[in-house]
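First the structure, in the form of structure tokens, and then the observations on it.
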Amino acid sequence: VGTLDRARRLGGLRMTLLGLSLAGELMGAPLHEDVRRQIEADASLPSLSAGVRARLLTRRPAPLSLAGRACYHLRTRERLGDRVRYGVRFLTFPTAVDWTAVRLPETLSGLYWILRPFRLAGKYGWKFVRGRRSSGEDRPR
């Protein structure tokens, strides 16, 4: 079984093609015609590739926000099921920020899985609401 067939079966074809595309663009790596055709057939790859290229070629790229990283990772997945799994994991899997934001005794550490969505909603939901208000998006027409 070829690498691209395995990547497709595992849901990583877009990520593999992105890496190959960047290798071709930035390093001049020769790409097989079949690989080139698959890269051209994926409408998401040009913008993903441009974004990665821009960050790689910028001396000091600004760090991506949590939401920016999540959107990037969602866009690199071609299957809906993989996007859903990533989204659920993103929303529920506790990180070091969650552990430091709320200190719980070890016996209650399982609650971090429940607290994370609320912490994210509190932090980013409020920013979203404020942004909509300042842009006038929530005003009646």
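Here's how to read the names in the structure tokens: chain A, B, ... by the order shown, residue numbers from 1 in each chain, ligand numbers from 1 in the order shown.
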
What lies within 12 Å of range 3-15 of chain A using only C-alpha atoms, ignoring chain neighbours under 3 positions off, as a PDB file with all heavy atoms, in the first residue's frame?
ATOM      1  N   LEU A  18      -0.225  18.540   2.040  1.00  0.00           N
ATOM      2  CA  LEU A  18       0.275  19.853   2.429  1.00  0.00           C
ATOM      3  C   LEU A  18       1.777  19.803   2.626  1.00  0.00           C
ATOM      4  O   LEU A  18       2.519  20.658   2.127  1.00  0.00           O
ATOM      5  CB  LEU A  18      -0.424  20.335   3.706  1.00  0.00           C
ATOM      6  CG  LEU A  18       0.075  21.650   4.302  1.00  0.00           C
ATOM      7  CD1 LEU A  18      -0.102  22.803   3.318  1.00  0.00           C
ATOM      8  CD2 LEU A  18      -0.662  21.936   5.610  1.00  0.00           C
ATOM      9  N   GLY A  19       2.256  18.794   3.339  1.00  0.00           N
ATOM     10  CA  GLY A  19       3.700  18.647   3.543  1.00  0.00           C
ATOM     11  C   GLY A  19       4.445  18.457   2.242  1.00  0.00           C
ATOM     12  O   GLY A  19       5.496  19.075   2.017  1.00  0.00           O
ATOM     13  N   LEU A  20       3.904  17.636   1.354  1.00  0.00           N
ATOM     14  CA  LEU A  20       4.551  17.420   0.057  1.00  0.00           C
ATOM     15  C   LEU A  20       4.526  18.684  -0.793  1.00  0.00           C
ATOM     16  O   LEU A  20       5.514  19.021  -1.466  1.00  0.00           O
ATOM     17  CB  LEU A  20       3.872  16.261  -0.681  1.00  0.00           C
ATOM     18  CG  LEU A  20       4.091  14.879  -0.071  1.00  0.00           C
ATOM     19  CD1 LEU A  20       3.159  13.864  -0.715  1.00  0.00           C
ATOM     20  CD2 LEU A  20       5.551  14.459  -0.219  1.00  0.00           C
ATOM     21  N   SER A  21       3.410  19.392  -0.747  1.00  0.00           N
ATOM     22  CA  SER A  21       3.304  20.645  -1.484  1.00  0.00           C
ATOM     23  C   SER A  21       4.358  21.653  -1.012  1.00  0.00           C
ATOM     24  O   SER A  21       5.037  22.293  -1.820  1.00  0.00           O
ATOM     25  CB  SER A  21       1.897  21.220  -1.310  1.00  0.00           C
ATOM     26  OG  SER A  21       1.795  22.497  -1.884  1.00  0.00           O
ATOM     27  N   LEU A  22       4.501  21.775   0.297  1.00  0.00           N
ATOM     28  CA  LEU A  22       5.499  22.701   0.856  1.00  0.00           C
ATOM     29  C   LEU A  22       6.913  22.255   0.508  1.00  0.00           C
ATOM     30  O   LEU A  22       7.780  23.091   0.214  1.00  0.00           O
ATOM     31  CB  LEU A  22       5.326  22.816   2.365  1.00  0.00           C
ATOM     32  CG  LEU A  22       4.067  23.564   2.813  1.00  0.00           C
ATOM     33  CD1 LEU A  22       3.799  23.325   4.298  1.00  0.00           C
ATOM     34  CD2 LEU A  22       4.192  25.047   2.510  1.00  0.00           C
ATOM     35  N   HIS A  32       5.881  13.519  -7.854  1.00  0.00           N
ATOM     36  CA  HIS A  32       5.302  12.659  -8.876  1.00  0.00           C
ATOM     37  C   HIS A  32       4.052  13.333  -9.433  1.00  0.00           C
ATOM     38  O   HIS A  32       3.341  14.040  -8.715  1.00  0.00           O
ATOM     39  CB  HIS A  32       4.958  11.301  -8.252  1.00  0.00           C
ATOM     40  CG  HIS A  32       4.569  10.273  -9.247  1.00  0.00           C
ATOM     41  ND1 HIS A  32       3.280  10.139  -9.697  1.00  0.00           N
ATOM     42  CD2 HIS A  32       5.294   9.318  -9.871  1.00  0.00           C
ATOM     43  CE1 HIS A  32       3.219   9.155 -10.570  1.00  0.00           C
ATOM     44  NE2 HIS A  32       4.434   8.636 -10.686  1.00  0.00           N
ATOM     45  N   ASP A  34       1.145  12.208 -10.152  1.00  0.00           N
ATOM     46  CA  ASP A  34      -0.064  11.831  -9.422  1.00  0.00           C
ATOM     47  C   ASP A  34      -0.200  12.666  -8.140  1.00  0.00           C
ATOM     48  O   ASP A  34      -1.290  13.105  -7.794  1.00  0.00           O
ATOM     49  CB  ASP A  34      -0.032  10.336  -9.073  1.00  0.00           C
ATOM     50  CG  ASP A  34      -1.276   9.902  -8.320  1.00  0.00           C
ATOM     51  OD1 ASP A  34      -2.388  10.231  -8.785  1.00  0.00           O
ATOM     52  OD2 ASP A  34      -1.134   9.259  -7.263  1.00  0.00           O
ATOM     53  N   VAL A  35       0.897  12.906  -7.460  1.00  0.00           N
ATOM     54  CA  VAL A  35       0.886  13.728  -6.244  1.00  0.00           C
ATOM     55  C   VAL A  35       0.497  15.153  -6.600  1.00  0.00           C
ATOM     56  O   VAL A  35      -0.339  15.764  -5.936  1.00  0.00           O
ATOM     57  CB  VAL A  35       2.257  13.686  -5.535  1.00  0.00           C
ATOM     58  CG1 VAL A  35       2.326  14.693  -4.397  1.00  0.00           C
ATOM     59  CG2 VAL A  35       2.557  12.281  -5.036  1.00  0.00           C
ATOM     60  N   ARG A  36       1.079  15.671  -7.664  1.00  0.00           N
ATOM     61  CA  ARG A  36       0.747  17.028  -8.116  1.00  0.00           C
ATOM     62  C   ARG A  36      -0.747  17.172  -8.421  1.00  0.00           C
ATOM     63  O   ARG A  36      -1.377  18.157  -8.040  1.00  0.00           O
ATOM     64  CB  ARG A  36       1.543  17.361  -9.379  1.00  0.00           C
ATOM     65  CG  ARG A  36       2.636  18.336  -9.184  1.00  0.00           C
ATOM     66  CD  ARG A  36       3.201  18.696 -10.571  1.00  0.00           C
ATOM     67  NE  ARG A  36       4.530  18.185 -10.721  1.00  0.00           N
ATOM     68  CZ  ARG A  36       5.589  18.708 -10.130  1.00  0.00           C
ATOM     69  NH1 ARG A  36       5.444  19.750  -9.351  1.00  0.00           N
ATOM     70  NH2 ARG A  36       6.781  18.200 -10.303  1.00  0.00           N
ATOM     71  N   GLN A  38      -3.213  15.390  -7.179  1.00  0.00           N
ATOM     72  CA  GLN A  38      -3.989  15.345  -5.939  1.00  0.00           C
ATOM     73  C   GLN A  38      -3.880  16.661  -5.169  1.00  0.00           C
ATOM     74  O   GLN A  38      -4.851  17.112  -4.564  1.00  0.00           O
ATOM     75  CB  GLN A  38      -3.535  14.168  -5.070  1.00  0.00           C
ATOM     76  CG  GLN A  38      -3.956  12.833  -5.663  1.00  0.00           C
ATOM     77  CD  GLN A  38      -3.691  11.691  -4.734  1.00  0.00           C
ATOM     78  OE1 GLN A  38      -4.193  11.699  -3.613  1.00  0.00           O
ATOM     79  NE2 GLN A  38      -2.917  10.716  -5.186  1.00  0.00           N
ATOM     80  N   ILE A  39      -2.715  17.277  -5.205  1.00  0.00           N
ATOM     81  CA  ILE A  39      -2.538  18.583  -4.551  1.00  0.00           C
ATOM     82  C   ILE A  39      -3.441  19.614  -5.221  1.00  0.00           C
ATOM     83  O   ILE A  39      -4.140  20.373  -4.561  1.00  0.00           O
ATOM     84  CB  ILE A  39      -1.054  19.021  -4.596  1.00  0.00           C
ATOM     85  CG1 ILE A  39      -0.231  18.151  -3.628  1.00  0.00           C
ATOM     86  CG2 ILE A  39      -0.908  20.501  -4.265  1.00  0.00           C
ATOM     87  CD1 ILE A  39       1.273  18.332  -3.754  1.00  0.00           C
ATOM     88  N   GLU A  40      -3.440  19.620  -6.541  1.00  0.00           N
ATOM     89  CA  GLU A  40      -4.261  20.583  -7.285  1.00  0.00           C
ATOM     90  C   GLU A  40      -5.756  20.319  -7.108  1.00  0.00           C
ATOM     91  O   GLU A  40      -6.564  21.242  -7.188  1.00  0.00           O
ATOM     92  CB  GLU A  40      -3.889  20.548  -8.767  1.00  0.00           C
ATOM     93  CG  GLU A  40      -2.507  21.109  -9.038  1.00  0.00           C
ATOM     94  CD  GLU A  40      -2.016  20.834 -10.457  1.00  0.00           C
ATOM     95  OE1 GLU A  40      -2.788  20.266 -11.267  1.00  0.00           O
ATOM     96  OE2 GLU A  40      -0.861  21.188 -10.739  1.00  0.00           O
ATOM     97  N   ALA A  41      -6.136  19.072  -6.833  1.00  0.00           N
ATOM     98  CA  ALA A  41      -7.550  18.717  -6.694  1.00  0.00           C
ATOM     99  C   ALA A  41      -8.135  19.142  -5.351  1.00  0.00           C
ATOM    100  O   ALA A  41      -9.351  19.215  -5.205  1.00  0.00           O
ATOM    101  CB  ALA A  41      -7.733  17.213  -6.883  1.00  0.00           C
ATOM    102  N   ASP A  42      -7.289  19.422  -4.365  1.00  0.00           N
ATOM    103  CA  ASP A  42      -7.780  19.806  -3.037  1.00  0.00           C
ATOM    104  C   ASP A  42      -7.846  21.323  -2.953  1.00  0.00           C
ATOM    105  O   ASP A  42      -6.829  22.007  -2.849  1.00  0.00           O
ATOM    106  CB  ASP A  42      -6.858  19.247  -1.950  1.00  0.00           C
ATOM    107  CG  ASP A  42      -7.425  19.416  -0.557  1.00  0.00           C
ATOM    108  OD1 ASP A  42      -8.114  20.437  -0.304  1.00  0.00           O
ATOM    109  OD2 ASP A  42      -7.158  18.555   0.288  1.00  0.00           O
ATOM    110  N   ALA A  43      -9.058  21.862  -2.976  1.00  0.00           N
ATOM    111  CA  ALA A  43      -9.252  23.314  -2.997  1.00  0.00           C
ATOM    112  C   ALA A  43      -8.765  24.004  -1.725  1.00  0.00           C
ATOM    113  O   ALA A  43      -8.530  25.216  -1.723  1.00  0.00           O
ATOM    114  CB  ALA A  43     -10.729  23.637  -3.219  1.00  0.00           C
ATOM    115  N   SER A  44      -8.595  23.273  -0.638  1.00  0.00           N
ATOM    116  CA  SER A  44      -8.141  23.875   0.618  1.00  0.00           C
ATOM    117  C   SER A  44      -6.630  24.066   0.683  1.00  0.00           C
ATOM    118  O   SER A  44      -6.144  24.876   1.472  1.00  0.00           O
ATOM    119  CB  SER A  44      -8.553  22.995   1.807  1.00  0.00           C
ATOM    120  OG  SER A  44      -9.935  22.906   1.887  1.00  0.00           O
ATOM    121  N   LEU A  45      -5.900  23.320  -0.121  1.00  0.00           N
ATOM    122  CA  LEU A  45      -4.437  23.348  -0.003  1.00  0.00           C
ATOM    123  C   LEU A  45      -3.780  24.684  -0.350  1.00  0.00           C
ATOM    124  O   LEU A  45      -2.831  25.066   0.339  1.00  0.00           O
ATOM    125  CB  LEU A  45      -3.814  22.210  -0.812  1.00  0.00           C
ATOM    126  CG  LEU A  45      -3.908  20.854  -0.139  1.00  0.00           C
ATOM    127  CD1 LEU A  45      -3.379  19.765  -1.051  1.00  0.00           C
ATOM    128  CD2 LEU A  45      -3.188  20.839   1.186  1.00  0.00           C
ATOM    129  N   PRO A  46      -4.223  25.423  -1.360  1.00  0.00           N
ATOM    130  CA  PRO A  46      -3.530  26.686  -1.637  1.00  0.00           C
ATOM    131  C   PRO A  46      -3.518  27.650  -0.455  1.00  0.00           C
ATOM    132  O   PRO A  46      -2.471  28.220  -0.118  1.00  0.00           O
ATOM    133  CB  PRO A  46      -4.301  27.268  -2.826  1.00  0.00           C
ATOM    134  CG  PRO A  46      -4.868  26.075  -3.509  1.00  0.00           C
ATOM    135  CD  PRO A  46      -5.208  25.111  -2.395  1.00  0.00           C
ATOM    136  N   LEU A  48      -4.018  26.889   2.793  1.00  0.00           N
ATOM    137  CA  LEU A  48      -3.251  26.287   3.892  1.00  0.00           C
ATOM    138  C   LEU A  48      -1.756  26.444   3.638  1.00  0.00           C
ATOM    139  O   LEU A  48      -0.997  26.837   4.523  1.00  0.00           O
ATOM    140  CB  LEU A  48      -3.602  24.801   4.037  1.00  0.00           C
ATOM    141  CG  LEU A  48      -4.921  24.474   4.692  1.00  0.00           C
ATOM    142  CD1 LEU A  48      -5.261  22.994   4.513  1.00  0.00           C
ATOM    143  CD2 LEU A  48      -4.908  24.846   6.158  1.00  0.00           C
ATOM    144  N   SER A  49      -1.344  26.149   2.422  1.00  0.00           N
ATOM    145  CA  SER A  49       0.066  26.245   2.051  1.00  0.00           C
ATOM    146  C   SER A  49       0.564  27.681   2.150  1.00  0.00           C
ATOM    147  O   SER A  49       1.652  27.940   2.681  1.00  0.00           O
ATOM    148  CB  SER A  49       0.246  25.712   0.627  1.00  0.00           C
ATOM    149  OG  SER A  49       1.577  25.815   0.231  1.00  0.00           O
ATOM    150  N   VAL A  52       1.074  28.583   5.865  1.00  0.00           N
ATOM    151  CA  VAL A  52       2.270  27.965   6.455  1.00  0.00           C
ATOM    152  C   VAL A  52       3.518  28.636   5.893  1.00  0.00           C
ATOM    153  O   VAL A  52       4.448  28.969   6.632  1.00  0.00           O
ATOM    154  CB  VAL A  52       2.295  26.444   6.188  1.00  0.00           C
ATOM    155  CG1 VAL A  52       3.622  25.838   6.613  1.00  0.00           C
ATOM    156  CG2 VAL A  52       1.142  25.757   6.904  1.00  0.00           C
ATOM    157  N   TYR A  72      -6.983  26.227  12.125  1.00  0.00           N
ATOM    158  CA  TYR A  72      -5.982  25.637  11.230  1.00  0.00           C
ATOM    159  C   TYR A  72      -6.075  24.110  11.282  1.00  0.00           C
ATOM    160  O   TYR A  72      -6.130  23.449  10.248  1.00  0.00           O
ATOM    161  CB  TYR A  72      -4.571  26.109  11.609  1.00  0.00           C
ATOM    162  CG  TYR A  72      -3.500  25.361  10.868  1.00  0.00           C
ATOM    163  CD1 TYR A  72      -3.201  25.677   9.556  1.00  0.00           C
ATOM    164  CD2 TYR A  72      -2.818  24.310  11.474  1.00  0.00           C
ATOM    165  CE1 TYR A  72      -2.243  24.970   8.855  1.00  0.00           C
ATOM    166  CE2 TYR A  72      -1.856  23.607  10.788  1.00  0.00           C
ATOM    167  CZ  TYR A  72      -1.567  23.928   9.483  1.00  0.00           C
ATOM    168  OH  TYR A  72      -0.622  23.228   8.786  1.00  0.00           O
ATOM    169  N   HIS A  73      -6.105  23.553  12.479  1.00  0.00           N
ATOM    170  CA  HIS A  73      -6.153  22.098  12.607  1.00  0.00           C
ATOM    171  C   HIS A  73      -7.443  21.517  12.036  1.00  0.00           C
ATOM    172  O   HIS A  73      -7.426  20.439  11.432  1.00  0.00           O
ATOM    173  CB  HIS A  73      -5.971  21.674  14.068  1.00  0.00           C
ATOM    174  CG  HIS A  73      -4.567  21.823  14.530  1.00  0.00           C
ATOM    175  ND1 HIS A  73      -3.558  20.981  14.145  1.00  0.00           N
ATOM    176  CD2 HIS A  73      -3.988  22.738  15.337  1.00  0.00           C
ATOM    177  CE1 HIS A  73      -2.418  21.359  14.693  1.00  0.00           C
ATOM    178  NE2 HIS A  73      -2.654  22.437  15.417  1.00  0.00           N
ATOM    179  N   LEU A  74      -8.539  22.227  12.192  1.00  0.00           N
ATOM    180  CA  LEU A  74      -9.794  21.765  11.589  1.00  0.00           C
ATOM    181  C   LEU A  74      -9.696  21.764  10.068  1.00  0.00           C
ATOM    182  O   LEU A  74     -10.191  20.844   9.410  1.00  0.00           O
ATOM    183  CB  LEU A  74     -10.961  22.636  12.044  1.00  0.00           C
ATOM    184  CG  LEU A  74     -11.444  22.405  13.466  1.00  0.00           C
ATOM    185  CD1 LEU A  74     -12.436  23.493  13.876  1.00  0.00           C
ATOM    186  CD2 LEU A  74     -12.067  21.023  13.617  1.00  0.00           C
ATOM    187  N   ARG A  75      -9.076  22.778   9.516  1.00  0.00           N
ATOM    188  CA  ARG A  75      -8.958  22.880   8.049  1.00  0.00           C
ATOM    189  C   ARG A  75      -8.031  21.813   7.463  1.00  0.00           C
ATOM    190  O   ARG A  75      -8.145  21.489   6.286  1.00  0.00           O
ATOM    191  CB  ARG A  75      -8.468  24.267   7.660  1.00  0.00           C
ATOM    192  CG  ARG A  75      -9.521  25.335   7.919  1.00  0.00           C
ATOM    193  CD  ARG A  75      -9.024  26.737   7.600  1.00  0.00           C
ATOM    194  NE  ARG A  75      -8.549  26.821   6.241  1.00  0.00           N
ATOM    195  CZ  ARG A  75      -7.482  27.532   5.866  1.00  0.00           C
ATOM    196  NH1 ARG A  75      -6.788  28.217   6.744  1.00  0.00           N
ATOM    197  NH2 ARG A  75      -7.115  27.556   4.605  1.00  0.00           N
ATOM    198  N   THR A  76      -7.114  21.280   8.264  1.00  0.00           N
ATOM    199  CA  THR A  76      -6.202  20.259   7.728  1.00  0.00           C
ATOM    200  C   THR A  76      -6.838  18.874   7.703  1.00  0.00           C
ATOM    201  O   THR A  76      -6.255  17.944   7.153  1.00  0.00           O
ATOM    202  CB  THR A  76      -4.889  20.179   8.537  1.00  0.00           C
ATOM    203  OG1 THR A  76      -5.173  19.793   9.881  1.00  0.00           O
ATOM    204  CG2 THR A  76      -4.123  21.481   8.483  1.00  0.00           C
ATOM    205  N   ARG A  77      -7.996  18.727   8.256  1.00  0.00           N
ATOM    206  CA  ARG A  77      -8.694  17.440   8.246  1.00  0.00           C
ATOM    207  C   ARG A  77      -9.726  17.425   7.141  1.00  0.00           C
ATOM    208  O   ARG A  77     -10.519  18.342   7.014  1.00  0.00           O
ATOM    209  CB  ARG A  77      -9.335  17.187   9.604  1.00  0.00           C
ATOM    210  CG  ARG A  77      -8.298  16.696  10.599  1.00  0.00           C
ATOM    211  CD  ARG A  77      -8.504  17.287  11.949  1.00  0.00           C
ATOM    212  NE  ARG A  77      -7.588  16.725  12.928  1.00  0.00           N
ATOM    213  CZ  ARG A  77      -6.405  17.270  13.214  1.00  0.00           C
ATOM    214  NH1 ARG A  77      -6.003  18.344  12.600  1.00  0.00           N
ATOM    215  NH2 ARG A  77      -5.627  16.721  14.117  1.00  0.00           N
ATOM    216  N   GLU A  78      -9.717  16.348   6.357  1.00  0.00           N
ATOM    217  CA  GLU A  78     -10.641  16.308   5.227  1.00  0.00           C
ATOM    218  C   GLU A  78     -11.949  15.593   5.543  1.00  0.00           C
ATOM    219  O   GLU A  78     -12.928  15.765   4.846  1.00  0.00           O
ATOM    220  CB  GLU A  78      -9.968  15.685   3.995  1.00  0.00           C
ATOM    221  CG  GLU A  78      -9.543  14.242   4.138  1.00  0.00           C
ATOM    222  CD  GLU A  78      -8.092  14.069   4.569  1.00  0.00           C
ATOM    223  OE1 GLU A  78      -7.432  15.034   4.963  1.00  0.00           O
ATOM    224  OE2 GLU A  78      -7.618  12.927   4.521  1.00  0.00           O
ATOM    225  N   ARG A  79     -11.973  14.804   6.601  1.00  0.00           N
ATOM    226  CA  ARG A  79     -13.191  14.054   6.918  1.00  0.00           C
ATOM    227  C   ARG A  79     -13.957  14.732   8.057  1.00  0.00           C
ATOM    228  O   ARG A  79     -13.362  15.164   9.052  1.00  0.00           O
ATOM    229  CB  ARG A  79     -12.844  12.620   7.325  1.00  0.00           C
ATOM    230  CG  ARG A  79     -12.134  11.866   6.217  1.00  0.00           C
ATOM    231  CD  ARG A  79     -11.894  10.410   6.539  1.00  0.00           C
ATOM    232  NE  ARG A  79     -11.278  10.169   7.826  1.00  0.00           N
ATOM    233  CZ  ARG A  79     -10.653   9.050   8.156  1.00  0.00           C
ATOM    234  NH1 ARG A  79     -10.558   8.064   7.287  1.00  0.00           N
ATOM    235  NH2 ARG A  79     -10.125   8.894   9.347  1.00  0.00           N
ATOM    236  N   LEU A  80     -15.270  14.786   7.909  1.00  0.00           N
ATOM    237  CA  LEU A  80     -16.122  15.414   8.917  1.00  0.00           C
ATOM    238  C   LEU A  80     -15.947  14.743  10.282  1.00  0.00           C
ATOM    239  O   LEU A  80     -15.837  15.425  11.304  1.00  0.00           O
ATOM    240  CB  LEU A  80     -17.592  15.368   8.480  1.00  0.00           C
ATOM    241  CG  LEU A  80     -18.595  15.936   9.481  1.00  0.00           C
ATOM    242  CD1 LEU A  80     -18.322  17.410   9.758  1.00  0.00           C
ATOM    243  CD2 LEU A  80     -20.011  15.713   8.980  1.00  0.00           C
ATOM    244  N   GLY A  81     -15.895  13.443  10.308  1.00  0.00           N
ATOM    245  CA  GLY A  81     -15.734  12.729  11.569  1.00  0.00           C
ATOM    246  C   GLY A  81     -14.454  13.113  12.293  1.00  0.00           C
ATOM    247  O   GLY A  81     -14.432  13.247  13.521  1.00  0.00           O
ATOM    248  N   ASP A  82     -13.374  13.309  11.529  1.00  0.00           N
ATOM    249  CA  ASP A  82     -12.099  13.718  12.127  1.00  0.00           C
ATOM    250  C   ASP A  82     -12.192  15.142  12.669  1.00  0.00           C
ATOM    251  O   ASP A  82     -11.611  15.461  13.707  1.00  0.00           O
ATOM    252  CB  ASP A  82     -10.966  13.623  11.108  1.00  0.00           C
ATOM    253  CG  ASP A  82     -10.678  12.183  10.711  1.00  0.00           C
ATOM    254  OD1 ASP A  82     -10.943  11.271  11.515  1.00  0.00           O
ATOM    255  OD2 ASP A  82     -10.178  11.973   9.587  1.00  0.00           O
ATOM    256  N   ARG A  83     -12.920  16.000  11.967  1.00  0.00           N
ATOM    257  CA  ARG A  83     -13.115  17.372  12.447  1.00  0.00           C
ATOM    258  C   ARG A  83     -13.909  17.384  13.749  1.00  0.00           C
ATOM    259  O   ARG A  83     -13.585  18.109  14.682  1.00  0.00           O
ATOM    260  CB  ARG A  83     -13.837  18.218  11.404  1.00  0.00           C
ATOM    261  CG  ARG A  83     -12.989  18.556  10.211  1.00  0.00           C
ATOM    262  CD  ARG A  83     -13.736  19.516   9.299  1.00  0.00           C
ATOM    263  NE  ARG A  83     -13.035  19.605   8.037  1.00  0.00           N
ATOM    264  CZ  ARG A  83     -13.598  19.501   6.867  1.00  0.00           C
ATOM    265  NH1 ARG A  83     -14.907  19.333   6.768  1.00  0.00           N
ATOM    266  NH2 ARG A  83     -12.893  19.583   5.769  1.00  0.00           N
ATOM    267  N   ARG A  85     -14.190  14.883  15.937  1.00  0.00           N
ATOM    268  CA  ARG A  85     -13.347  14.339  17.005  1.00  0.00           C
ATOM    269  C   ARG A  85     -12.337  15.368  17.489  1.00  0.00           C
ATOM    270  O   ARG A  85     -12.115  15.520  18.684  1.00  0.00           O
ATOM    271  CB  ARG A  85     -12.624  13.075  16.526  1.00  0.00           C
ATOM    272  CG  ARG A  85     -13.447  11.821  16.710  1.00  0.00           C
ATOM    273  CD  ARG A  85     -12.644  10.563  16.456  1.00  0.00           C
ATOM    274  NE  ARG A  85     -12.251  10.402  15.071  1.00  0.00           N
ATOM    275  CZ  ARG A  85     -13.052  10.016  14.097  1.00  0.00           C
ATOM    276  NH1 ARG A  85     -14.300   9.737  14.346  1.00  0.00           N
ATOM    277  NH2 ARG A  85     -12.619   9.886  12.869  1.00  0.00           N
ATOM    278  N   TYR A  86     -11.722  16.103  16.543  1.00  0.00           N
ATOM    279  CA  TYR A  86     -10.763  17.134  16.941  1.00  0.00           C
ATOM    280  C   TYR A  86     -11.475  18.210  17.772  1.00  0.00           C
ATOM    281  O   TYR A  86     -10.974  18.649  18.801  1.00  0.00           O
ATOM    282  CB  TYR A  86     -10.085  17.779  15.729  1.00  0.00           C
ATOM    283  CG  TYR A  86      -9.211  18.929  16.148  1.00  0.00           C
ATOM    284  CD1 TYR A  86      -7.939  18.699  16.644  1.00  0.00           C
ATOM    285  CD2 TYR A  86      -9.689  20.230  16.114  1.00  0.00           C
ATOM    286  CE1 TYR A  86      -7.142  19.747  17.079  1.00  0.00           C
ATOM    287  CE2 TYR A  86      -8.905  21.283  16.550  1.00  0.00           C
ATOM    288  CZ  TYR A  86      -7.638  21.033  17.024  1.00  0.00           C
ATOM    289  OH  TYR A  86      -6.866  22.083  17.474  1.00  0.00           O
TER     290      TYR A  86
END

For Ala70 in chain A, work out the shell of residues within 10 Å, counting only C-alpha atoms and skipping chain neighbours fewer than 5 positions away, then give it as an mmCIF file with N, CA, C and O atoms, in the first residue's frame.
data_model
loop_
_atom_site.group_PDB
_atom_site.id
_atom_site.type_symbol
_atom_site.label_atom_id
_atom_site.label_comp_id
_atom_site.auth_asym_id
_atom_site.auth_seq_id
_atom_site.Cartn_x
_atom_site.Cartn_y
_atom_site.Cartn_z
ATOM 1 N N LEU A 64 -0.014 32.232 16.951
ATOM 2 C CA LEU A 64 -1.420 32.036 16.626
ATOM 3 C C LEU A 64 -2.224 31.964 17.914
ATOM 4 O O LEU A 64 -1.776 31.394 18.901
ATOM 5 N N SER A 65 -3.395 32.535 17.875
ATOM 6 C CA SER A 65 -4.287 32.439 19.026
ATOM 7 C C SER A 65 -4.775 30.996 19.142
ATOM 8 O O SER A 65 -4.655 30.204 18.203
ATOM 9 N N ARG A 75 -9.076 22.778 9.516
ATOM 10 C CA ARG A 75 -8.958 22.880 8.049
ATOM 11 C C ARG A 75 -8.031 21.813 7.463
ATOM 12 O O ARG A 75 -8.145 21.489 6.286
ATOM 13 N N TYR A 86 -11.722 16.103 16.543
ATOM 14 C CA TYR A 86 -10.763 17.134 16.941
ATOM 15 C C TYR A 86 -11.475 18.210 17.772
ATOM 16 O O TYR A 86 -10.974 18.649 18.801
ATOM 17 N N GLY A 87 -12.647 18.642 17.308
ATOM 18 C CA GLY A 87 -13.382 19.686 18.017
ATOM 19 C C GLY A 87 -13.760 19.263 19.429
ATOM 20 O O GLY A 87 -13.603 20.032 20.383
ATOM 21 N N PHE A 90 -10.595 19.187 21.456
ATOM 22 C CA PHE A 90 -10.167 20.563 21.716
ATOM 23 C C PHE A 90 -10.987 21.197 22.831
ATOM 24 O O PHE A 90 -10.462 21.887 23.700
ATOM 25 N N LEU A 91 -12.294 20.957 22.800
ATOM 26 C CA LEU A 91 -13.183 21.579 23.774
ATOM 27 C C LEU A 91 -13.143 20.923 25.155
ATOM 28 O O LEU A 91 -13.492 21.560 26.142
#

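Summary of the local environment: counting only C-alpha atoms, residues at most 12 Å from Ala101 in chain A, other than itself and those fewer than 3 positions away along its chain, are Pro94, Thr95, Ala96, Val97, Asp98, Leu104, Tyr112, Leu115, Arg116, Phe118, Arg119, Leu120 and Lys123 of chain A.
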
**OP:** Would you mind listing what lies within 8 Å of Thr92 in chain A as a PyMOL selection string, with only C-alpha atoms counted and same-chain residues fewer than 3 positions away left out?
**Re:** chain A and resi 88-89+113-114+116-117

Hey, can you spit out that residue selection with C-alpha atoms as an mmCIF file, in the first residue's frame?
data_model
loop_
_atom_site.group_PDB
_atom_site.id
_atom_site.type_symbol
_atom_site.label_atom_id
_atom_site.label_comp_id
_atom_site.auth_asym_id
_atom_site.auth_seq_id
_atom_site.Cartn_x
_atom_site.Cartn_y
_atom_site.Cartn_z
ATOM 1 C CA VAL A 88 -14.591 17.539 20.903
ATOM 2 C CA ARG A 89 -11.037 16.879 22.024
ATOM 3 C CA TRP A 113 -12.799 17.798 31.579
ATOM 4 C CA ILE A 114 -16.058 19.446 32.572
ATOM 5 C CA ARG A 116 -12.634 23.352 30.196
ATOM 6 C CA PRO A 117 -15.640 24.100 27.942
#

**OP:** Select, from A:Tyr124, A:Gly2, A:Ala50, A:Thr100, the residue with the minimum atom-to-atom distance to Gly68 in chain A, counting only C-alpha atoms.
**Re:** A:Tyr124

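In this model, the gap between CA of Arg53 in chain A and CA of Leu26 in chain A comes to 8.1 Å.
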
Original post:
Which parts of chain A does DSSP call alpha helix (DSSP H) when run on the backbone here, written out as a VMD selection string?
Top reply: chain A and resid 3 to 10 13 to 27 33 to 41 45 to 56 66 to 75 80 to 92 96 to 101 112 to 120 126 to 135
